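**Student:** If it helps, the file is called query_37.cif and holds mmCIF, C-alpha atoms and all ligand atoms:
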data_structure
loop_
_atom_site.label_atom_id
_atom_site.label_comp_id
_atom_site.auth_asym_id
_atom_site.auth_seq_id
_atom_site.Cartn_x
_atom_site.Cartn_y
_atom_site.Cartn_z
CA MET A 1 3.10 1.64 33.12
CA ASN A 2 3.20 -2.15 32.64
CA VAL A 3 1.32 -3.46 29.63
CA ASP A 4 0.74 -6.81 28.02
CA TYR A 5 1.46 -5.66 24.49
CA LEU A 6 3.51 -2.71 23.34
CA ILE A 7 2.58 -2.11 19.71
CA VAL A 8 4.99 0.03 17.71
CA GLY A 9 3.30 1.73 14.77
CA ALA A 10 -0.31 2.91 14.36
CA GLY A 11 -0.64 1.70 10.76
CA LEU A 12 -3.04 -0.91 9.48
CA SER A 13 -1.12 -3.88 10.94
CA GLY A 14 -0.57 -2.26 14.35
CA LEU A 15 -4.16 -1.14 14.74
CA VAL A 16 -5.66 -4.50 13.77
CA MET A 17 -3.44 -6.11 16.42
CA ALA A 18 -4.36 -3.48 18.99
CA GLU A 19 -8.08 -3.91 18.42
CA ARG A 20 -8.01 -7.73 18.37
CA LEU A 21 -5.78 -8.09 21.43
CA SER A 22 -7.36 -5.41 23.59
CA SER A 23 -10.82 -6.76 22.74
CA ALA A 24 -9.62 -10.06 24.21
CA GLY A 25 -8.76 -8.32 27.47
CA ALA A 26 -5.06 -7.55 26.99
CA ARG A 27 -3.63 -4.23 28.10
CA CYS A 28 -2.18 -2.65 24.96
CA VAL A 29 -0.36 0.55 24.19
CA VAL A 30 0.22 1.76 20.65
CA VAL A 31 3.07 4.18 20.06
CA GLU A 32 3.50 6.09 16.83
CA ARG A 33 6.46 8.19 15.68
CA ARG A 34 4.23 10.42 13.56
CA SER A 35 1.28 12.46 14.78
CA HIS A 36 -1.61 10.56 13.22
CA LEU A 37 -3.31 7.20 12.87
CA GLY A 38 -3.16 4.93 9.85
CA GLY A 39 0.51 4.99 8.84
CA ASN A 40 0.72 5.49 5.09
CA CYS A 41 -3.01 4.66 4.72
CA HIS A 42 -3.80 7.88 6.54
CA ASP A 43 -6.08 10.30 4.70
CA THR A 44 -6.88 13.89 5.49
CA LYS A 45 -8.75 16.88 4.03
CA ASP A 46 -7.57 19.94 2.08
CA SER A 47 -8.68 23.53 2.68
CA HIS A 48 -12.01 22.85 0.93
CA GLY A 49 -12.77 19.76 3.01
CA LEU A 50 -11.89 17.35 0.21
CA PHE A 51 -10.06 14.14 1.00
CA TYR A 52 -6.57 13.43 -0.21
CA HIS A 53 -4.01 10.72 0.51
CA PRO A 54 -0.82 12.44 1.65
CA TYR A 55 1.20 9.19 1.48
CA GLY A 56 -0.05 7.96 -1.87
CA PRO A 57 -3.22 6.37 -3.14
CA HIS A 58 -4.92 3.59 -1.21
CA TYR A 59 -7.55 1.78 -3.22
CA PHE A 60 -9.25 -0.75 -1.01
CA ARG A 61 -10.23 -4.01 -2.62
CA THR A 62 -10.54 -7.57 -1.38
CA SER A 63 -11.88 -10.96 -2.31
CA SER A 64 -11.66 -12.15 1.29
CA PRO A 65 -14.96 -12.27 3.22
CA VAL A 66 -12.96 -12.45 6.46
CA VAL A 67 -11.15 -9.17 5.77
CA LEU A 68 -14.31 -7.49 4.54
CA ASP A 69 -16.41 -8.62 7.55
CA TYR A 70 -13.72 -7.48 9.94
CA LEU A 71 -13.21 -3.99 8.48
CA SER A 72 -16.96 -3.51 7.98
CA ARG A 73 -17.31 -3.39 11.77
CA PHE A 74 -15.61 -0.01 11.62
CA THR A 75 -16.80 1.55 8.40
CA GLY A 76 -19.46 1.66 5.74
CA TRP A 77 -18.33 1.54 2.12
CA ARG A 78 -18.75 3.43 -1.07
CA GLU A 79 -18.36 1.26 -4.14
CA ALA A 80 -15.54 2.45 -6.36
CA ALA A 81 -14.39 1.89 -9.92
CA TYR A 82 -10.64 2.35 -9.79
CA ARG A 83 -9.83 3.70 -13.25
CA VAL A 84 -6.33 4.53 -14.38
CA ARG A 85 -5.13 6.06 -17.65
CA ALA A 86 -1.59 6.38 -18.95
CA LEU A 87 -0.12 9.52 -20.43
CA ALA A 88 2.49 8.50 -23.00
CA ARG A 89 3.94 10.38 -25.96
CA GLY A 90 1.62 13.29 -25.25
CA LYS A 91 -1.55 11.21 -25.42
CA ILE A 92 -3.95 9.56 -22.95
CA TRP A 93 -4.13 5.77 -23.30
CA SER A 94 -6.47 3.15 -21.92
CA PHE A 95 -4.64 1.30 -19.13
CA PRO A 96 -3.97 -1.38 -17.90
CA ILE A 97 -3.28 -2.80 -21.35
CA ASN A 98 -6.52 -4.12 -22.92
CA LEU A 99 -8.11 -4.35 -26.34
CA ARG A 100 -8.75 -0.59 -26.38
CA THR A 101 -5.04 0.10 -25.76
CA TYR A 102 -4.18 -2.14 -28.72
CA GLU A 103 -6.68 -0.27 -30.90
CA GLU A 104 -5.13 3.02 -29.81
CA LEU A 105 -1.72 1.63 -30.78
CA ILE A 106 -2.72 0.48 -34.26
CA GLY A 107 -5.13 3.37 -34.88
CA ARG A 108 -8.23 1.35 -35.75
CA GLU A 109 -10.78 -1.06 -34.28
CA ALA A 110 -9.68 -4.63 -33.66
CA THR A 111 -11.12 -7.91 -32.39
CA GLU A 112 -10.12 -9.87 -29.31
CA ASP A 113 -8.80 -12.61 -31.61
CA GLU A 114 -6.59 -10.16 -33.45
CA PHE A 115 -5.16 -8.83 -30.21
CA ARG A 116 -4.63 -12.38 -28.93
CA GLY A 117 -2.71 -13.08 -32.11
CA TYR A 118 -0.49 -10.05 -31.41
CA LEU A 119 0.30 -11.26 -27.88
CA LYS A 120 2.90 -13.94 -27.35
CA THR A 121 2.94 -17.04 -25.17
CA PRO A 122 6.01 -17.11 -22.93
CA ASP A 123 8.05 -20.30 -23.44
CA ARG A 124 10.11 -20.07 -20.25
CA PRO A 125 9.82 -18.51 -16.78
CA PRO A 126 10.68 -14.79 -16.83
CA ALA A 127 14.12 -13.74 -15.59
CA ASN A 128 13.00 -10.26 -14.51
CA SER A 129 10.09 -7.81 -14.77
CA ARG A 130 11.06 -6.66 -18.27
CA ASP A 131 11.11 -10.26 -19.46
CA ALA A 132 7.77 -11.01 -17.75
CA ILE A 133 6.06 -8.25 -19.74
CA THR A 134 7.92 -8.27 -23.08
CA SER A 135 7.43 -12.05 -23.36
CA ILE A 136 3.69 -11.33 -23.59
CA ILE A 137 3.23 -7.89 -25.12
CA GLY A 138 6.53 -7.37 -26.97
CA THR A 139 8.78 -4.34 -26.75
CA ASP A 140 6.51 -1.68 -28.35
CA LEU A 141 3.92 -1.69 -25.57
CA TYR A 142 6.60 -2.36 -22.95
CA ASP A 143 8.61 0.69 -24.01
CA LEU A 144 5.47 2.80 -24.10
CA PHE A 145 4.16 1.97 -20.64
CA PHE A 146 6.70 0.12 -18.50
CA ARG A 147 10.32 0.89 -19.33
CA ASP A 148 10.65 4.49 -18.10
CA TYR A 149 7.97 4.33 -15.41
CA THR A 150 9.67 1.35 -13.80
CA LEU A 151 13.07 3.01 -13.96
CA LYS A 152 11.69 6.20 -12.40
CA HIS A 153 9.70 4.45 -9.71
CA TRP A 154 12.43 2.06 -8.57
CA GLY A 155 15.52 4.01 -9.62
CA ARG A 156 16.70 0.82 -11.36
CA PRO A 157 15.25 -1.94 -13.56
CA ALA A 158 12.88 -4.22 -11.66
CA GLU A 159 14.54 -7.59 -11.14
CA ASP A 160 11.65 -9.53 -9.67
CA PRO A 161 9.01 -10.53 -12.28
CA SER A 162 6.24 -9.97 -9.73
CA VAL A 163 6.71 -6.18 -9.83
CA CYS A 164 5.30 -5.52 -13.31
CA GLN A 165 3.10 -8.63 -13.15
CA ARG A 166 0.95 -6.73 -10.66
CA ILE A 167 -0.55 -4.98 -13.69
CA PRO A 168 -3.06 -7.13 -15.61
CA ILE A 169 -3.00 -7.52 -19.41
CA ARG A 170 -6.44 -8.21 -20.90
CA THR A 171 -7.64 -9.05 -24.38
CA ASN A 172 -11.16 -7.72 -23.75
CA ARG A 173 -12.17 -4.12 -23.02
CA ASP A 174 -12.18 -4.48 -19.23
CA ASP A 175 -10.07 -1.54 -18.05
CA ARG A 176 -10.48 -1.95 -14.29
CA TYR A 177 -7.16 -1.86 -12.46
CA PHE A 178 -8.20 -4.70 -10.15
CA THR A 179 -10.48 -7.70 -10.42
CA ASP A 180 -11.30 -8.35 -6.74
CA SER A 181 -14.95 -9.04 -6.00
CA PHE A 182 -15.18 -6.11 -3.57
CA GLN A 183 -13.79 -2.71 -4.53
CA ALA A 184 -14.82 0.21 -2.35
CA MET A 185 -13.57 3.12 -0.29
CA PRO A 186 -14.39 3.59 3.41
CA ASP A 187 -17.39 5.92 3.19
CA GLU A 188 -15.94 8.44 5.64
CA GLY A 189 -12.32 7.84 4.75
CA TYR A 190 -9.53 5.69 6.15
CA THR A 191 -8.74 7.88 9.13
CA ALA A 192 -12.34 7.66 10.38
CA LEU A 193 -12.11 3.87 10.05
CA PHE A 194 -8.92 3.83 12.15
CA GLU A 195 -10.45 6.13 14.77
CA ARG A 196 -13.34 3.71 15.16
CA MET A 197 -10.93 0.82 15.57
CA VAL A 198 -9.27 2.67 18.44
CA VAL A 199 -12.62 3.53 20.05
CA ALA A 200 -13.62 -0.15 19.78
CA SER A 201 -10.45 -1.22 21.63
CA PRO A 202 -11.13 -1.29 25.38
CA HIS A 203 -8.60 0.64 27.47
CA LEU A 204 -6.28 1.17 24.51
CA THR A 205 -4.05 4.22 24.65
CA VAL A 206 -2.26 5.61 21.62
CA HIS A 207 0.79 7.85 22.02
CA PHE A 208 1.82 9.98 19.05
CA ASN A 209 5.20 11.58 18.37
CA MET A 210 6.94 8.90 20.38
CA SER A 211 10.03 6.96 19.34
CA PHE A 212 10.43 3.24 19.83
CA GLU A 213 13.32 3.83 22.27
CA GLU A 214 11.25 6.13 24.48
CA ALA A 215 8.26 3.76 24.36
CA ARG A 216 10.39 0.77 25.26
CA ALA A 217 11.64 2.53 28.39
CA ARG A 218 8.25 3.92 29.38
CA PHE A 219 6.08 0.85 28.88
CA PRO A 220 7.49 -2.41 30.29
CA HIS A 221 5.66 -5.12 28.36
CA ARG A 222 5.29 -8.87 28.10
CA HIS A 223 5.29 -8.90 24.33
CA LEU A 224 6.34 -6.41 21.66
CA ILE A 225 4.63 -6.03 18.29
CA TYR A 226 6.95 -4.11 16.03
CA THR A 227 5.77 -2.75 12.65
CA GLY A 228 8.63 -0.33 11.88
CA PRO A 229 11.54 -1.03 9.51
CA ILE A 230 13.24 -4.21 10.71
CA ASP A 231 16.78 -2.92 10.04
CA ALA A 232 16.20 0.03 12.40
CA TYR A 233 15.07 -2.36 15.17
CA PHE A 234 18.46 -4.11 14.93
CA HIS A 235 20.37 -0.81 14.63
CA TYR A 236 21.28 -1.64 11.02
CA ARG A 237 23.41 -4.59 12.17
CA PHE A 238 23.50 -6.12 8.66
CA GLY A 239 23.54 -2.78 6.84
CA ALA A 240 20.62 -0.49 5.98
CA LEU A 241 17.96 -2.21 3.89
CA PRO A 242 17.20 -0.25 0.74
CA PHE A 243 13.64 1.01 0.46
CA ARG A 244 12.22 3.28 -2.19
CA THR A 245 10.77 6.52 -0.97
CA LEU A 246 8.29 8.97 -2.47
CA ARG A 247 7.50 12.65 -2.29
CA PHE A 248 3.96 13.96 -2.72
CA GLU A 249 2.73 17.39 -3.76
CA LEU A 250 -0.86 18.43 -3.12
CA GLU A 251 -2.39 20.69 -5.80
CA GLU A 252 -5.72 22.24 -4.83
CA LYS A 253 -7.79 22.86 -7.94
CA GLN A 254 -10.06 25.86 -8.47
CA PRO A 255 -13.50 25.66 -10.16
CA HIS A 256 -12.18 27.07 -13.47
CA GLU A 257 -9.63 24.24 -13.63
CA LEU A 258 -12.30 21.52 -13.53
CA ASP A 259 -14.30 19.87 -16.32
CA GLY A 260 -18.09 19.75 -16.48
CA ASP A 261 -18.15 16.80 -14.05
CA GLY A 262 -16.12 18.70 -11.46
CA HIS A 263 -12.87 16.85 -12.09
CA ALA A 264 -9.35 18.08 -12.74
CA GLN A 265 -8.29 14.98 -14.70
CA VAL A 266 -10.11 12.35 -16.75
CA ALA A 267 -9.57 9.45 -14.34
CA LEU A 268 -8.83 8.69 -10.72
CA GLN A 269 -5.18 8.11 -11.57
CA ILE A 270 -2.98 9.15 -14.47
CA ASN A 271 0.32 7.30 -14.90
CA TYR A 272 3.07 9.30 -16.58
CA THR A 273 5.01 6.62 -18.37
CA GLY A 274 7.73 8.79 -19.96
CA MET A 275 10.69 10.50 -18.32
CA GLU A 276 8.73 13.16 -16.40
CA ALA A 277 10.10 13.47 -12.84
CA PHE A 278 6.79 12.21 -11.41
CA THR A 279 5.02 8.87 -11.89
CA ARG A 280 1.35 9.55 -11.22
CA THR A 281 -1.31 12.07 -10.29
CA VAL A 282 -4.29 10.98 -8.23
CA GLU A 283 -7.65 12.74 -7.87
CA VAL A 284 -9.50 10.80 -5.19
CA LYS A 285 -12.64 12.87 -5.71
CA HIS A 286 -13.39 10.33 -8.48
CA VAL A 287 -14.01 7.68 -5.81
CA THR A 288 -14.83 9.48 -2.55
CA GLY A 289 -18.20 10.69 -3.84
CA GLN A 290 -17.66 14.16 -2.37
CA SER A 291 -19.36 16.90 -4.29
CA SER A 292 -17.69 20.29 -4.42
CA ARG A 293 -16.86 23.15 -6.79
CA TYR A 294 -13.21 22.37 -6.00
CA SER A 295 -10.98 19.36 -6.30
CA ASN A 296 -7.41 18.29 -5.65
CA VAL A 297 -4.69 16.23 -7.21
CA VAL A 298 -1.68 14.64 -5.51
CA ARG A 299 1.43 14.35 -7.66
CA GLU A 300 3.84 11.54 -6.79
CA TYR A 301 7.63 11.79 -7.21
CA PRO A 302 9.91 8.80 -6.57
CA ASP A 303 12.89 9.75 -4.45
CA ARG A 304 16.16 8.42 -3.07
CA TYR A 305 15.83 6.80 0.33
CA VAL A 306 18.02 7.90 3.23
CA PRO A 307 17.81 5.35 6.12
CA GLY A 308 16.50 6.82 9.34
CA LYS A 309 15.53 10.06 7.55
CA SER A 310 13.21 9.30 4.63
CA GLU A 311 9.83 7.67 4.99
CA PRO A 312 10.18 4.06 3.71
CA TYR A 313 7.50 3.00 1.19
CA TYR A 314 8.60 0.11 -0.98
CA PRO A 315 10.91 -2.80 -0.08
CA ILE A 316 13.04 -3.67 -3.13
CA PRO A 317 12.14 -7.14 -4.43
CA ALA A 318 15.52 -8.37 -5.75
CA PRO A 319 17.83 -11.26 -4.79
CA ALA A 320 20.57 -9.26 -3.00
CA GLU A 321 18.04 -7.32 -0.93
CA GLU A 322 16.13 -10.53 -0.16
CA GLN A 323 19.32 -12.10 1.20
CA GLN A 324 19.99 -9.10 3.38
CA ALA A 325 16.37 -9.02 4.55
CA ASP A 326 16.63 -12.74 5.38
CA LEU A 327 19.46 -12.01 7.81
CA TYR A 328 17.17 -9.59 9.59
CA ARG A 329 14.22 -12.00 9.42
CA GLN A 330 16.34 -14.74 11.00
CA ALA A 331 17.49 -12.36 13.73
CA GLY A 332 13.85 -11.41 14.21
CA ALA A 333 12.78 -15.04 14.58
CA GLU A 334 15.33 -15.40 17.39
CA GLU A 335 14.01 -12.43 19.38
CA ARG A 336 12.03 -13.62 22.37
CA ASP A 337 8.57 -12.17 22.83
CA VAL A 338 8.69 -9.98 19.75
CA THR A 339 6.41 -10.16 16.70
CA PHE A 340 7.47 -8.40 13.47
CA LEU A 341 4.54 -7.45 11.28
CA GLY A 342 3.61 -5.29 8.31
CA ARG A 343 5.34 -4.07 5.17
CA MET A 344 8.35 -2.44 6.85
CA ALA A 345 9.06 -5.12 9.46
CA THR A 346 8.73 -8.06 7.06
CA TYR A 347 10.32 -6.21 4.11
CA ARG A 348 7.56 -7.45 1.84
CA TYR A 349 5.21 -5.65 -0.50
CA LEU A 350 1.78 -6.08 1.13
CA ASN A 351 -1.45 -4.55 -0.06
CA MET A 352 -4.14 -3.65 2.46
CA GLU A 353 -5.95 -6.98 2.20
CA GLN A 354 -2.72 -8.89 2.80
CA ALA A 355 -1.76 -6.67 5.74
CA VAL A 356 -5.14 -7.21 7.44
CA THR A 357 -5.11 -10.96 6.74
CA LEU A 358 -1.65 -11.38 8.27
CA ALA A 359 -2.49 -9.25 11.30
CA LEU A 360 -5.73 -11.17 11.97
CA HIS A 361 -3.84 -14.48 11.82
CA LYS A 362 -1.10 -13.22 14.09
CA ALA A 363 -3.59 -11.80 16.59
CA ASP A 364 -5.42 -15.16 16.68
CA GLU A 365 -2.15 -16.97 17.26
CA LEU A 366 -1.17 -14.65 20.13
CA ARG A 367 -4.63 -14.90 21.65
CA ARG A 368 -4.30 -18.69 21.68
CA ARG A 369 -0.72 -18.62 22.98
CA HIS A 370 -1.22 -16.00 25.69
CA ARG A 371 -3.98 -17.05 28.03
CA TRP A 372 -5.34 -14.61 30.55
CA ALA A 373 -5.48 -16.00 34.08
CA ASP A 374 -7.84 -13.21 35.08
CA GLY A 375 -8.86 -9.81 33.77
CA GLU A 376 -5.59 -8.24 34.91
CA LYS A 377 -2.77 -10.64 34.28
CA LEU A 378 -1.49 -12.30 31.18
CA LYS A 379 -0.02 -15.72 31.61
CA VAL A 380 2.37 -16.49 28.80
CA GLU A 381 2.30 -20.09 27.69
CA ASN A 382 5.20 -21.08 25.48
N1 LIG B 1 4.25 0.03 -13.85
C1 LIG B 1 4.69 0.63 -15.02
N2 LIG B 1 3.88 1.54 -15.65
C2 LIG B 1 2.68 1.88 -15.17
C3 LIG B 1 2.23 1.28 -13.98
C4 LIG B 1 3.04 0.36 -13.34
O1 LIG B 1 5.80 0.37 -15.47
O2 LIG B 1 1.99 2.71 -15.78
C5 LIG B 1 5.13 -0.98 -13.19
C6 LIG B 1 6.07 -0.32 -12.18
O3 LIG B 1 7.29 -1.04 -12.17
C7 LIG B 1 5.31 -0.48 -10.88
C8 LIG B 1 4.65 -1.84 -11.05
O4 LIG B 1 4.33 -1.90 -12.44
O5 LIG B 1 6.17 -0.46 -9.76
C9 LIG B 1 3.41 -2.05 -10.20
O6 LIG B 1 2.50 -1.00 -10.46
P1 LIG B 1 1.34 -0.61 -9.47
O7 LIG B 1 0.46 0.39 -10.15
O8 LIG B 1 0.72 -1.84 -8.91
O9 LIG B 1 2.20 0.11 -8.36
P2 LIG B 1 1.88 0.42 -6.81
O10 LIG B 1 0.49 0.92 -6.76
O11 LIG B 1 2.13 -0.82 -6.06
O12 LIG B 1 2.89 1.47 -6.56
#
Could you show the structure in this file as structure tokens?
**Tutor:**
Amino acid sequence: MNVDYLIVGAGLSGLVMAERLSSAGARCVVVERRSHLGGNCHDTKDSHGLFYHPYGPHYFRTSSPVVLDYLSRFTGWREAAYRVRALARGKIWSFPINLRTYEELIGREATEDEFRGYLKTPDRPPANSRDAITSIIGTDLYDLFFRDYTLKHWGRPAEDPSVCQRIPIRTNRDDRYFTDSFQAMPDEGYTALFERMVVASPHLTVHFNMSFEEARARFPHRHLIYTGPIDAYFHYRFGALPFRTLRFELEEKQPHELDGDGHAQVALQINYTGMEAFTRTVEVKHVTGQSSRYSNVVREYPDRYVPGKSEPYYPIPAPAEEQQADLYRQAGAEERDVTFLGRMATYRYLNMEQAVTLALHKADELRRRHRWADGEKLKVEN
């Protein structure tokens, strides 16, 4: 079957492209190696009908009206307070670091001014993530919350300052993980949102359990949108790019394991900042609004990545990996009629807002570049 766009990957980036382009009249096919929509944003339900995120937590937030308006076409929302606590030295701490955390450290009440006095002002740009954090909070709080967690999560110290800088440090008592103006979960889950995007895409077909190679042979296309790992596209020509992978264990919780509010843990997410084998446990019931006698928790273990075998999750932000990724990006820029998009194909850490923003821009650009002569044919204007 001839199509205008072959879209590889049914994750957030691929589905935004599919919806935008097919709504403009293009014939699109989405192919997906796995058997479900949504890529790693996919959510599903346990044996008691409670949501969980099998590929790790996805906490939607945005300050972009464009992203919010677009996604709101496919879902309603349920406002969410994303609250995280840290478990360190056998004790639960307020996290991200705020005035309360400082009070817990010194064992008494304190003022904002006192905490400000404790914090330092960096006098030079940070050389790495450790530097970025210790130059503000010193080594005590760094060792407590960042040192081991970072080592576990990445399997090495984080070179790029941006990694640990994702976590805010506040002198007031605001303990929200994010500060975006809009923080909410899709009211019927992410998978329902993705299903509605597909339904809203005229004539779109989605093929599951299909490899890129098979799809390429089966669907001659004018333009390819590729959202898989970019090194795999080029058959690892410049060596396999290192990603970090994760393993998740679902724990269904019985009524006797829950507190009076029906929860298995005190917050949506607990970070384990010591040398436990896992980094976090997530109980999405805190933000899905589902009421039940049961609950569930997903425990997250960082794991070694085996190219072509493991599921890739995190590109490694470090100079050597950036250089290698640049070789692939340059090769990608030279491919005719191919667009590389999303976290795996750009080898960049993207949150959901960034992924949607980039896909909307790219779809607009392609819609301008590719003009349809009539309902059937796509005339490519270079
Ligand atoms: N981090 C940490 N301790 C924590 C939480 C985060 O050391 O309790 C560091 C770690 O290096 C992590 C980074 O901060 O990779 C970003 O954390 P975030 O919670 O944003 O991770 P993500 O949700 O992107 O996996």
**Student:** May I ask which of the residues A:Gly308, A:Gly228, A:Pro168, A:Gly11 is the closest one to ligand LIG 1 (chain B), counting all atoms listed in the file?
**Tutor:**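 Closest candidate: A:Pro168.
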**Student:** For ligand LIG 1 (chain B), which residue out of A:Ala240, A:Leu141, A:Ala158, A:Ala267 is the nearest one, using all atoms listed in the file?
**Tutor:** A:Ala158
**Student:** So which residues touch region 44-54 of chain A within 12 Å, counting all atoms listed in the file, skipping near sequence neighbours fewer than 6 positions away, as a ChimeraX atom specification?
**Tutor:** /A:36-38,185-192,246-255,268,281-300
**Student:** How would you write, as a ChimeraX atom specification, the set of residues no farther than 7 Å from ligand LIG 1 (chain B) when counting only C-alpha atoms and all ligand atoms?
**Tutor:** /A:86,145-150,153-154,158,163-167,271-273
**Student:** Since we have the selection now, will you write its residues out, keeping C-alpha atoms, as a PDB file, in the frame of the given file?
**Tutor:**
ATOM      1  CA  ALA A  86      -1.590   6.380 -18.950  1.00  0.00           C
ATOM      2  CA  PHE A 145       4.160   1.970 -20.640  1.00  0.00           C
ATOM      3  CA  PHE A 146       6.700   0.120 -18.500  1.00  0.00           C
ATOM      4  CA  ARG A 147      10.320   0.890 -19.330  1.00  0.00           C
ATOM      5  CA  ASP A 148      10.650   4.490 -18.100  1.00  0.00           C
ATOM      6  CA  TYR A 149       7.970   4.330 -15.410  1.00  0.00           C
ATOM      7  CA  THR A 150       9.670   1.350 -13.800  1.00  0.00           C
ATOM      8  CA  HIS A 153       9.700   4.450  -9.710  1.00  0.00           C
ATOM      9  CA  TRP A 154      12.430   2.060  -8.570  1.00  0.00           C
ATOM     10  CA  ALA A 158      12.880  -4.220 -11.660  1.00  0.00           C
ATOM     11  CA  VAL A 163       6.710  -6.180  -9.830  1.00  0.00           C
ATOM     12  CA  CYS A 164       5.300  -5.520 -13.310  1.00  0.00           C
ATOM     13  CA  GLN A 165       3.100  -8.630 -13.150  1.00  0.00           C
ATOM     14  CA  ARG A 166       0.950  -6.730 -10.660  1.00  0.00           C
ATOM     15  CA  ILE A 167      -0.550  -4.980 -13.690  1.00  0.00           C
ATOM     16  CA  ASN A 271       0.320   7.300 -14.900  1.00  0.00           C
ATOM     17  CA  TYR A 272       3.070   9.300 -16.580  1.00  0.00           C
ATOM     18  CA  THR A 273       5.010   6.620 -18.370  1.00  0.00           C
TER      19      THR A 273
END
**Student:** Counting only C-alpha atoms, which residue out of A:Arg33, A:Arg27, A:Cys41, A:Gly56 sits closest to Met352 (chain A)?
**Tutor:**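 Using only C-alpha atoms, the shortest distance to Met352 (chain A) belongs to A:Cys41.
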**Student:** Determine the nearest neighbour of Val29 (chain A) from the options A:Asp364, A:Asp337, A:Asp43, A:Asp4, counting all atoms listed in the file.
**Tutor:** A:Asp4
**Student:** Interatomic distance between CA of Thr357 (chain A) and CA of His58 (chain A)?
**Tutor:**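 Taking CA of Thr357 (chain A) as the start and CA of His58 (chain A) as the end point, the length is 16.6 Å.
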**Student:** Can you list, as a list in words, every protein, DNA or RNA residue that comes within 10 Å of Val266 (chain A) when you count only C-alpha atoms, leaving out same-chain residues fewer than 6 positions away?
**Tutor:**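 In the requested format, the answer is Arg83, Val84, Arg85, Ile92, Leu258, Asp259, Glu283 and His286 of chain A.
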**Student:** What does the distance between CA of Gly155 (chain A) and CA of Ser129 (chain A) come to in Å, to one decimal place?
**Tutor:** 14.0 Å
**Student:** Quick one, how far is CA of Arg348 (chain A) from CA of Pro315 (chain A)?
**Tutor:**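 Atom-to-atom, CA of Arg348 (chain A) and CA of Pro315 (chain A) are spaced 6.0 Å apart.
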**Student:** Let me make sure I understand: among A:Asn172, A:Thr279, A:Ser72, A:Gln330, which one has the smallest atom-to-atom distance to Thr111 (chain A) if we use only C-alpha atoms?
**Tutor:**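 Looking only at the distances to Thr111 (chain A), the closest residue turns out to be A:Asn172.
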**Student:** When you count all atoms listed in the file, which of these residues is closest to Ser22 (chain A): A:Ser35, A:Ser135, A:Thr205, A:Thr101?
**Tutor:**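 The shortest atom-to-atom distance to Ser22 (chain A) comes from A:Thr205.
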**Student:** Ala345 (chain A): which residues within 12 Å, counting all atoms listed in the file, same-chain residues fewer than 2 positions away excluded, as a PyMOL selection string?
**Tutor:** chain A and resi 8-9+11+13-14+225-234+241+243+312-315+325-326+328-329+331-333+338-343+347-350+355
**Student:** Show me a table, sorted first by chain and then by increasing residue number, of the residues of region 142-260 of chain A having an atom at most 6 Å from region 118-128 of chain A, each with its shortest atom pair and the distance in Å to one decimal, counting all atoms listed in the file and written as a Markdown table.
**Tutor:**
| residue | atom | partner | partner_atom | distance |
| --- | --- | --- | --- | --- |
| A:Glu159 | CA | A:Asn128 | CA | 4.6 |
| A:Asp160 | CA | A:Asn128 | CA | 5.1 |
| A:Pro161 | CA | A:Asn128 | CA | 4.6 |
**Student:** Starting from 8 Å padding per side, set up an axis-aligned box that covers all listed atoms of region 135-149 of chain A and hand over centre and edge lengths in Å, one decimal, as lines of an AutoDock Vina configuration file.
**Tutor:**
center_x = 6.9
center_y = -3.8
center_z = -21.9
size_x = 23.4
size_y = 32.5
size_z = 28.9
